[in-house]
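Enquirer: This is the content of structure_4.csv (CSV, C-alpha atoms):
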```
chain,number,residue,atom,x,y,z
A,157,MET,CA,-17.5,-26.3,11.4
A,158,LYS,CA,-20.9,-25.1,10.2
A,159,ILE,CA,-21.4,-21.3,9.8
A,160,ALA,CA,-24.8,-19.8,9.0
A,161,THR,CA,-25.8,-16.3,8.2
A,162,TRP,CA,-29.3,-14.9,8.0
A,163,ASN,CA,-30.8,-11.4,7.7
A,164,VAL,CA,-33.9,-12.0,9.7
A,165,ASN,CA,-35.5,-8.6,9.0
A,166,GLY,CA,-36.6,-8.2,12.6
A,167,ILE,CA,-35.7,-10.7,15.3
A,168,ARG,CA,-38.9,-10.2,17.3
A,169,ALA,CA,-41.0,-11.2,14.4
A,170,ARG,CA,-38.8,-14.2,13.6
A,171,GLN,CA,-37.7,-15.4,17.1
A,172,ALA,CA,-39.5,-18.7,16.9
A,173,GLN,CA,-38.2,-19.3,13.4
A,174,VAL,CA,-34.6,-18.7,14.5
A,175,GLN,CA,-35.0,-21.1,17.4
A,176,GLU,CA,-36.4,-23.7,15.0
A,177,PHE,CA,-33.5,-23.1,12.6
A,178,ILE,CA,-31.0,-23.6,15.5
A,179,ASP,CA,-32.7,-26.8,16.7
A,180,ARG,CA,-32.7,-28.2,13.2
A,181,GLU,CA,-29.2,-27.1,11.9
A,182,HIS,CA,-27.1,-26.8,15.1
A,183,PRO,CA,-24.7,-24.3,13.5
A,184,ASP,CA,-21.4,-23.8,15.2
A,185,VAL,CA,-21.6,-20.1,14.4
A,186,LEU,CA,-24.8,-18.2,13.7
A,187,CYS,CA,-24.6,-14.7,12.2
A,188,LEU,CA,-27.8,-12.6,12.2
A,189,GLN,CA,-28.4,-9.2,10.6
A,190,GLU,CA,-31.1,-6.6,10.7
A,191,ILE,CA,-32.3,-7.7,14.1
A,192,LYS,CA,-34.0,-4.3,14.7
A,193,ALA,CA,-34.0,-4.6,18.5
A,194,SER,CA,-32.0,-3.7,21.5
A,195,ILE,CA,-31.2,-6.4,24.0
A,196,ASP,CA,-33.8,-5.0,26.5
A,197,GLN,CA,-36.5,-5.7,23.9
A,198,LEU,CA,-35.7,-9.4,23.6
A,199,PRO,CA,-37.1,-12.2,25.8
A,200,VAL,CA,-34.7,-13.7,28.3
A,201,TRP,CA,-34.4,-17.1,26.6
A,202,LEU,CA,-33.4,-15.3,23.3
A,203,CYS,CA,-30.9,-13.0,25.0
A,204,ASP,CA,-29.0,-16.1,26.1
A,205,ILE,CA,-29.8,-18.9,23.7
A,206,GLU,CA,-29.3,-22.3,25.4
A,207,GLY,CA,-26.1,-23.9,24.3
A,208,TYR,CA,-24.6,-20.7,22.7
A,209,TRP,CA,-22.4,-17.8,23.7
A,210,CYS,CA,-24.5,-14.9,22.5
A,211,TYR,CA,-23.7,-11.4,21.5
A,212,TRP,CA,-26.5,-9.0,20.5
A,213,HIS,CA,-25.5,-5.6,19.0
A,214,GLY,CA,-28.7,-3.7,18.0
A,215,GLY,CA,-30.9,-0.7,18.5
A,216,LYS,CA,-34.6,-0.2,18.5
A,217,GLY,CA,-36.3,-0.7,15.1
A,218,TYR,CA,-33.3,-0.4,12.8
A,219,SER,CA,-30.2,-2.3,11.6
A,220,GLY,CA,-28.4,-4.4,14.2
A,221,VAL,CA,-26.3,-7.6,14.0
A,222,ALA,CA,-25.7,-10.6,16.3
A,223,LEU,CA,-23.3,-13.5,16.7
A,224,HIS,CA,-23.9,-16.8,18.4
A,225,VAL,CA,-21.2,-19.4,19.0
A,226,ARG,CA,-21.9,-23.0,20.0
A,227,GLN,CA,-20.6,-23.9,23.5
A,228,ALA,CA,-20.2,-27.6,22.6
A,229,THR,CA,-17.6,-26.5,20.0
A,230,TRP,CA,-15.9,-23.8,22.0
A,231,PRO,CA,-16.4,-24.4,25.8
A,232,GLU,CA,-14.9,-21.1,26.8
A,233,ARG,CA,-16.6,-17.8,25.9
A,234,PRO,CA,-14.7,-16.2,23.0
A,235,ALA,CA,-13.9,-12.6,22.6
A,236,PHE,CA,-16.5,-10.5,20.7
A,237,HIS,CA,-15.7,-7.1,19.3
A,238,HIS,CA,-17.0,-4.5,17.0
A,239,PRO,CA,-14.3,-2.6,14.9
A,240,ALA,CA,-13.9,1.2,15.1
A,241,PHE,CA,-15.6,1.7,11.8
A,242,ASP,CA,-18.9,0.2,13.1
A,243,TYR,CA,-21.9,2.5,13.1
A,244,GLU,CA,-25.6,1.9,13.4
A,245,GLN,CA,-24.7,-1.5,14.9
A,246,ARG,CA,-23.6,-3.0,11.6
A,247,ILE,CA,-20.6,-5.3,12.4
A,248,VAL,CA,-19.6,-7.6,15.2
A,249,THR,CA,-16.7,-10.1,15.2
A,250,VAL,CA,-15.7,-13.1,17.2
A,251,ARG,CA,-12.2,-14.5,17.4
A,252,LEU,CA,-12.1,-18.3,17.2
A,253,PRO,CA,-9.1,-20.6,16.9
A,254,GLN,CA,-10.1,-21.5,13.3
A,255,ALA,CA,-10.8,-17.9,12.2
A,256,THR,CA,-12.2,-14.5,13.1
A,257,VAL,CA,-15.8,-14.5,12.0
A,258,ALA,CA,-17.7,-11.2,11.3
A,259,SER,CA,-21.5,-10.7,11.1
A,260,ILE,CA,-22.0,-7.7,8.8
A,261,TYR,CA,-25.0,-5.6,7.6
A,262,VAL,CA,-23.9,-3.2,4.9
A,263,PRO,CA,-26.1,-0.1,4.4
A,264,ASN,CA,-28.5,-0.3,1.6
A,265,GLY,CA,-27.3,3.0,0.2
A,266,GLY,CA,-30.6,4.3,-0.9
A,267,LYS,CA,-30.6,7.2,1.6
A,268,ASP,CA,-26.9,7.8,1.8
A,269,PHE,CA,-24.9,6.1,-0.9
A,270,PRO,CA,-21.5,7.7,0.1
A,271,ALA,CA,-21.9,6.2,3.6
A,272,LYS,CA,-22.4,2.8,2.0
A,273,MET,CA,-19.2,3.1,0.0
A,274,ARG,CA,-17.3,4.4,3.0
A,275,PHE,CA,-18.5,1.3,5.0
A,276,LEU,CA,-17.5,-1.1,2.2
A,277,GLU,CA,-14.1,0.7,2.0
A,278,ALA,CA,-13.6,0.1,5.7
A,279,VAL,CA,-14.5,-3.6,5.3
A,280,GLU,CA,-11.9,-3.8,2.5
A,281,ALA,CA,-9.3,-2.2,4.9
A,282,PHE,CA,-10.3,-4.7,7.6
A,283,ALA,CA,-9.9,-7.6,5.2
A,284,ALA,CA,-6.5,-6.3,4.1
A,285,GLU,CA,-5.3,-6.1,7.6
A,286,PHE,CA,-6.1,-9.7,8.4
A,287,HIS,CA,-4.7,-10.9,5.0
A,288,ALA,CA,-1.4,-9.0,5.7
A,289,ALA,CA,-1.2,-10.6,9.1
A,290,GLY,CA,-1.9,-14.1,7.8
A,291,GLN,CA,-4.9,-14.4,10.0
A,292,PRO,CA,-7.9,-16.4,8.7
A,293,LEU,CA,-11.2,-14.4,8.3
A,294,VAL,CA,-14.8,-15.1,7.4
A,295,LEU,CA,-17.0,-12.2,6.5
A,296,CYS,CA,-20.7,-13.2,6.7
A,297,GLY,CA,-23.9,-11.3,6.1
A,298,ASP,CA,-26.0,-9.0,4.0
A,299,LEU,CA,-23.4,-7.1,2.0
A,300,ASN,CA,-26.2,-5.3,-0.1
A,301,VAL,CA,-24.3,-5.7,-3.3
A,302,ALA,CA,-25.2,-8.2,-6.1
A,303,ARG,CA,-21.7,-9.2,-7.1
A,304,THR,CA,-22.3,-9.8,-10.8
A,305,GLU,CA,-25.2,-9.7,-13.3
A,306,MET,CA,-25.7,-13.4,-12.8
A,307,ASP,CA,-26.5,-12.6,-9.1
A,308,VAL,CA,-29.7,-10.7,-10.1
A,309,HIS,CA,-32.7,-12.3,-11.8
A,310,PRO,CA,-33.0,-10.9,-15.4
A,311,LYS,CA,-36.4,-9.3,-14.5
A,312,GLU,CA,-34.7,-7.4,-11.6
A,313,ARG,CA,-31.5,-6.2,-13.4
A,314,ARG,CA,-31.1,-2.4,-13.4
A,315,PRO,CA,-27.7,-1.1,-14.5
A,316,LYS,CA,-28.2,2.2,-12.6
A,317,GLY,CA,-29.8,0.6,-9.5
A,318,ILE,CA,-28.1,0.7,-6.2
A,319,GLY,CA,-26.8,-2.7,-5.3
A,320,GLN,CA,-25.9,-3.3,-9.0
A,321,LEU,CA,-23.7,-0.3,-9.7
A,322,PRO,CA,-20.2,-0.8,-11.2
A,323,GLU,CA,-18.4,1.0,-8.4
A,324,GLU,CA,-20.1,-1.2,-5.8
A,325,ARG,CA,-19.1,-4.3,-7.7
A,326,ALA,CA,-15.6,-3.1,-8.1
A,327,LEU,CA,-15.3,-2.5,-4.4
A,328,PHE,CA,-16.7,-6.0,-3.7
A,329,GLU,CA,-13.9,-7.5,-5.9
A,330,ARG,CA,-11.3,-5.4,-4.0
A,331,ILE,CA,-12.6,-7.0,-0.7
A,332,LEU,CA,-12.2,-10.4,-2.3
A,333,SER,CA,-8.7,-9.5,-3.5
A,334,HIS,CA,-7.4,-9.7,0.1
A,335,GLY,CA,-7.2,-13.5,0.1
A,336,LEU,CA,-11.0,-14.1,0.4
A,337,VAL,CA,-13.2,-16.6,-1.5
A,338,ASP,CA,-16.9,-16.2,-2.3
A,339,VAL,CA,-17.6,-19.8,-1.1
A,340,HIS,CA,-21.1,-20.1,-2.4
A,341,ARG,CA,-20.0,-19.3,-6.0
A,342,ARG,CA,-17.2,-21.8,-5.6
A,343,VAL,CA,-19.8,-24.5,-5.0
A,344,GLU,CA,-22.2,-23.3,-7.7
A,345,PRO,CA,-20.2,-21.2,-10.2
A,346,ASP,CA,-22.8,-21.5,-13.0
A,347,ASN,CA,-26.1,-21.4,-11.1
A,348,ALA,CA,-28.0,-18.4,-12.5
A,349,ASP,CA,-30.9,-19.0,-10.1
A,350,LEU,CA,-28.8,-18.6,-6.9
A,351,PHE,CA,-30.4,-15.8,-4.9
A,352,THR,CA,-30.8,-14.9,-1.2
A,353,TRP,CA,-33.2,-12.0,-1.2
A,354,TRP,CA,-36.6,-11.6,-2.8
A,355,ALA,CA,-38.8,-8.5,-2.8
A,356,PRO,CA,-41.7,-9.1,-0.5
A,357,TRP,CA,-44.5,-8.8,-3.1
A,358,ARG,CA,-45.9,-10.6,-6.2
A,359,TYR,CA,-44.8,-14.0,-4.8
A,360,MET,CA,-41.2,-13.1,-5.8
A,361,LYS,CA,-39.8,-15.6,-3.2
A,362,GLN,CA,-42.0,-18.4,-4.3
A,363,ARG,CA,-41.0,-17.7,-8.0
A,364,ASN,CA,-37.3,-17.3,-7.1
A,365,ILE,CA,-37.1,-13.9,-8.7
A,366,GLY,CA,-34.4,-12.3,-6.5
A,367,TRP,CA,-30.9,-11.0,-5.9
A,368,ARG,CA,-27.9,-12.6,-4.2
A,369,LEU,CA,-27.0,-10.2,-1.4
A,370,ASP,CA,-26.0,-12.5,1.5
A,371,TYR,CA,-22.5,-14.0,1.4
A,372,LEU,CA,-19.8,-16.0,3.2
A,373,LEU,CA,-16.4,-14.8,2.2
A,374,ALA,CA,-13.7,-17.0,3.7
A,375,SER,CA,-9.9,-16.9,3.6
A,376,ALA,CA,-8.6,-19.2,0.9
A,377,PRO,CA,-7.1,-21.9,3.2
A,378,LEU,CA,-10.4,-22.2,4.9
A,379,ALA,CA,-12.4,-22.0,1.7
A,380,ASP,CA,-10.3,-24.9,0.4
A,381,ARG,CA,-11.8,-27.0,3.1
A,382,LEU,CA,-15.4,-26.1,2.2
A,383,VAL,CA,-17.7,-29.1,2.2
A,384,SER,CA,-21.0,-27.5,1.2
A,385,CYS,CA,-22.8,-24.1,0.9
A,386,VAL,CA,-26.6,-23.8,0.5
A,387,VAL,CA,-29.3,-21.1,0.7
A,388,GLN,CA,-32.6,-22.2,2.3
A,389,ARG,CA,-35.2,-20.2,0.4
A,390,GLU,CA,-38.1,-22.0,1.9
A,391,VAL,CA,-37.1,-21.3,5.5
A,392,GLY,CA,-38.8,-18.5,7.5
A,393,THR,CA,-40.8,-15.4,6.6
A,394,SER,CA,-37.9,-13.0,6.2
A,395,ASP,CA,-37.3,-11.6,2.7
A,396,HIS,CA,-33.8,-13.2,3.0
A,397,GLY,CA,-33.0,-16.8,3.2
A,398,PRO,CA,-30.4,-18.3,5.5
A,399,VAL,CA,-27.1,-19.3,3.9
A,400,ILE,CA,-25.1,-22.2,5.5
A,401,ALA,CA,-21.6,-23.2,4.8
A,402,THR,CA,-19.8,-26.3,6.2
A,403,PHE,CA,-16.0,-26.6,6.5
A,404,ASP,CA,-13.9,-29.7,7.2
A,405,VAL,CA,-11.7,-28.3,10.0
```
Do you think you could lay out the structure here as structure tokens?
Expert:
Amino acid sequence: MKIATWNVNGIRARQAQVQEFIDREHPDVLCLQEIKASIDQLPVWLCDIEGYWCYWHGGKGYSGVALHVRQATWPERPAFHHPAFDYEQRIVTVRLPQATVASIYVPNGGKDFPAKMRFLEAVEAFAAEFHAAGQPLVLCGDLNVARTEMDVHPKERRPKGIGQLPEERALFERILSHGLVDVHRRVEPDNADLFTWWAPWRYMKQRNIGWRLDYLLASAPLADRLVSCVVQREVGTSDHGPVIATFDV
């Protein structure tokens, strides 16, 4: 099972790149964030991508998430849902036999930091609920928190900067405490150059001066079946790179 997550920073600007990515990688589940479009703004072929069950959950020009599930893997349309704490089209889930998968776009927090913390607290409660029920879960997306100092390039580290604050990182660890594993770090525990977002200036992406903000957090039994996890920095023109995890299930 191949799960990919990508903050596309505007699906209309990146629609051809997304199709190329799908044609090349054939993910079983594709989670997109920051689509910045409502479904009536998308071309027909994109609304219903060939070979996928599609769920678009966005508004015009801001935020938005999407989930696409491969029909060859799951022939019957699965149940899509957005939890009660969703606002500004920031989370959608799909219940699959192997796990419930969520595509998440956490608020940046620059304009309303308390709202960001409330959203992260709701994600923690969501994860706790699944863990208590013994139900496998995969949280995918742009969580807008650099988990540790190593997840920020030394030139970008700001102890008082949003996305790097101790209270955000503590909440991130609380989310993980509910039976979840940061699968990318499991694969590359000592890689200090592992980033998924780069500021769109001064060739930061080309120089790999970035932050790790995009994650796949998987329930431990599923994480134990992880085969690989990679970020594709060279793919697309978004300021985020897609992250792809493959599980042997």
Enquirer: Of the residues A:Asn163, A:Ser394, A:Gln189, A:Asn264, which is the one nearest to Val248 in chain A, using all atoms listed in the file?
Expert: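 Smallest separation from Val248 in chain A among the options: A:Gln189.
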Enquirer: Produce a table with one row for each residue of range 220-247 of chain A that has an atom at most 12 Å from any atom of range 268-273 of chain A, each row naming the nearest atom pair and its distance in Å at one decimal; use all atoms listed in the file; arrange rows by chain and rising residue number; format as JSON lines.
Expert:
```
{"residue": "A:Phe241", "atom": "CA", "partner": "A:Ala271", "partner_atom": "CA", "distance": 11.3}
{"residue": "A:Asp242", "atom": "CA", "partner": "A:Ala271", "partner_atom": "CA", "distance": 11.6}
{"residue": "A:Tyr243", "atom": "CA", "partner": "A:Ala271", "partner_atom": "CA", "distance": 10.2}
{"residue": "A:Glu244", "atom": "CA", "partner": "A:Ala271", "partner_atom": "CA", "distance": 11.3}
{"residue": "A:Arg246", "atom": "CA", "partner": "A:Lys272", "partner_atom": "CA", "distance": 11.3}
```
Enquirer: Could you turn the residues from that selection into a file that holds C-alpha atoms, as a PDB file, keeping the file's coordinate frame?
Expert:
```
ATOM      1  CA  PHE A 241     -15.600   1.700  11.800  1.00  0.00           C
ATOM      2  CA  ASP A 242     -18.900   0.200  13.100  1.00  0.00           C
ATOM      3  CA  TYR A 243     -21.900   2.500  13.100  1.00  0.00           C
ATOM      4  CA  GLU A 244     -25.600   1.900  13.400  1.00  0.00           C
ATOM      5  CA  ARG A 246     -23.600  -3.000  11.600  1.00  0.00           C
TER       6      ARG A 246
END
```
Enquirer: Which one is closest to Asp307 in chain A: A:His182, A:Arg168, A:His238, A:Arg325? Count all atoms listed in the file.
Expert: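 Between A:His182, A:Arg168, A:His238, A:Arg325, the residue approaching Asp307 in chain A most closely is A:Arg325.
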Enquirer: Could you jot down the CA of Ile205 in chain A to CA of Glu390 in chain A separation for me, Å, one decimal place?
Expert: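 Here the two named atoms are 23.5 Å from each other.
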Enquirer: Figure out the distance between CA of Lys192 in chain A and CA of Gly214 in chain A, please, to one decimal in Å.
Expert: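 Straight-line distance from CA of Gly214 in chain A to CA of Lys192 in chain A works out to 6.3 Å.
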Enquirer: If we count all atoms listed in the file and set the cut-off at 8 Å, which residues sit around Gly319 in chain A, ignoring sequence neighbours fewer than 2 positions away in its own chain? Please answer as a list in words.
Expert: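 Using all atoms listed in the file, the neighbours found are Asn264, Gly265, Asn300, Val301, Ala302, Gly317, Leu321 and Glu324 of chain A.
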Enquirer: Could you give me, as JSON lines, a per-residue list for range 233-302 of chain A showing, wherever an atom lies at most 10 Å from an atom of range 395-399 of chain A, the closest pair of atoms and their distance in Å to one decimal, using all atoms listed in the file and sorting by chain then residue number from low to high?
Expert:
```
{"residue": "A:Cys296", "atom": "CA", "partner": "A:Val399", "partner_atom": "CA", "distance": 9.3}
{"residue": "A:Gly297", "atom": "CA", "partner": "A:Val399", "partner_atom": "CA", "distance": 8.9}
{"residue": "A:Asp298", "atom": "CA", "partner": "A:His396", "partner_atom": "CA", "distance": 8.9}
```
Enquirer: When you look at Val308 in chain A with a cut-off of 7 Å (counting only C-alpha atoms), what residues show up, excluding the ones that are within fewer than 2 positions of it in the same chain? I need them as a ChimeraX atom specification.
Expert: /A:302,305-306,310,312-313,366-368
Enquirer: Grab the residues selected above and save them as a short mmCIF file (atom, residue, chain, number, x, y, z; two decimals), keeping the file's coordinate frame with C-alpha atoms.
Expert:
```
data_model
loop_
_atom_site.label_atom_id
_atom_site.label_comp_id
_atom_site.auth_asym_id
_atom_site.auth_seq_id
_atom_site.Cartn_x
_atom_site.Cartn_y
_atom_site.Cartn_z
CA ALA A 302 -25.20 -8.20 -6.10
CA GLU A 305 -25.20 -9.70 -13.30
CA MET A 306 -25.70 -13.40 -12.80
CA PRO A 310 -33.00 -10.90 -15.40
CA GLU A 312 -34.70 -7.40 -11.60
CA ARG A 313 -31.50 -6.20 -13.40
CA GLY A 366 -34.40 -12.30 -6.50
CA TRP A 367 -30.90 -11.00 -5.90
CA ARG A 368 -27.90 -12.60 -4.20
#
```
Enquirer: Separation of CA of Lys158 in chain A and CA of Ala278 in chain A, in Å?
Expert: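 CA of Lys158 in chain A sits 26.6 Å away from CA of Ala278 in chain A.
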Enquirer: Quick one: residues within 12 Å of (-14.4, -6.5, -2.8) (file frame), counting all atoms listed in the file, please, as a ChimeraX atom specification.
Expert: /A:273,275-284,295,299,301-304,322-338,371,373
Enquirer: Might you pull out every residue within 12 Å of Val391 in chain A, with all atoms listed in the file counted and same-chain residues fewer than 4 positions away left off, and present them as a ChimeraX atom specification?
Expert: /A:162-164,170,172-174,176-178,180-181,352,361-362,386-387,395-399
Enquirer: Excluding Val200 in chain A and any residue of its chain fewer than 6 positions from it, enumerate the residues within 12 Å of it, using only C-alpha atoms, and give them as a list in words.
Expert: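 Listed by chain and then number, they are Gln171, Glu206 and Cys210 of chain A.
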Enquirer: Considering only C-alpha atoms, can you say which of A:Ile191, A:Gln175, A:Glu285, A:Trp201 comes closest to Tyr218 in chain A?
Expert: A:Ile191
Enquirer: Select, from A:Val185, A:Cys385, A:Cys203, A:Ala228, the residue with the minimum atom-to-atom distance to Leu252 in chain A, counting all atoms listed in the file.
Expert: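 Closest to Leu252 in chain A of all the choices is A:Val185.
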Enquirer: Kindly indicate which residue among A:Val405, A:Ala235, A:Ile167, A:Ala289 lies nearest to Asp184 in chain A, using only C-alpha atoms for the distances.
Expert: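 Using only C-alpha atoms, the shortest distance to Asp184 in chain A belongs to A:Val405.
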Enquirer: Which is closest to Gln320 in chain A among A:Ile400, A:Trp209, A:Leu369, A:Lys216, if we use all atoms listed in the file?
Expert: A:Leu369
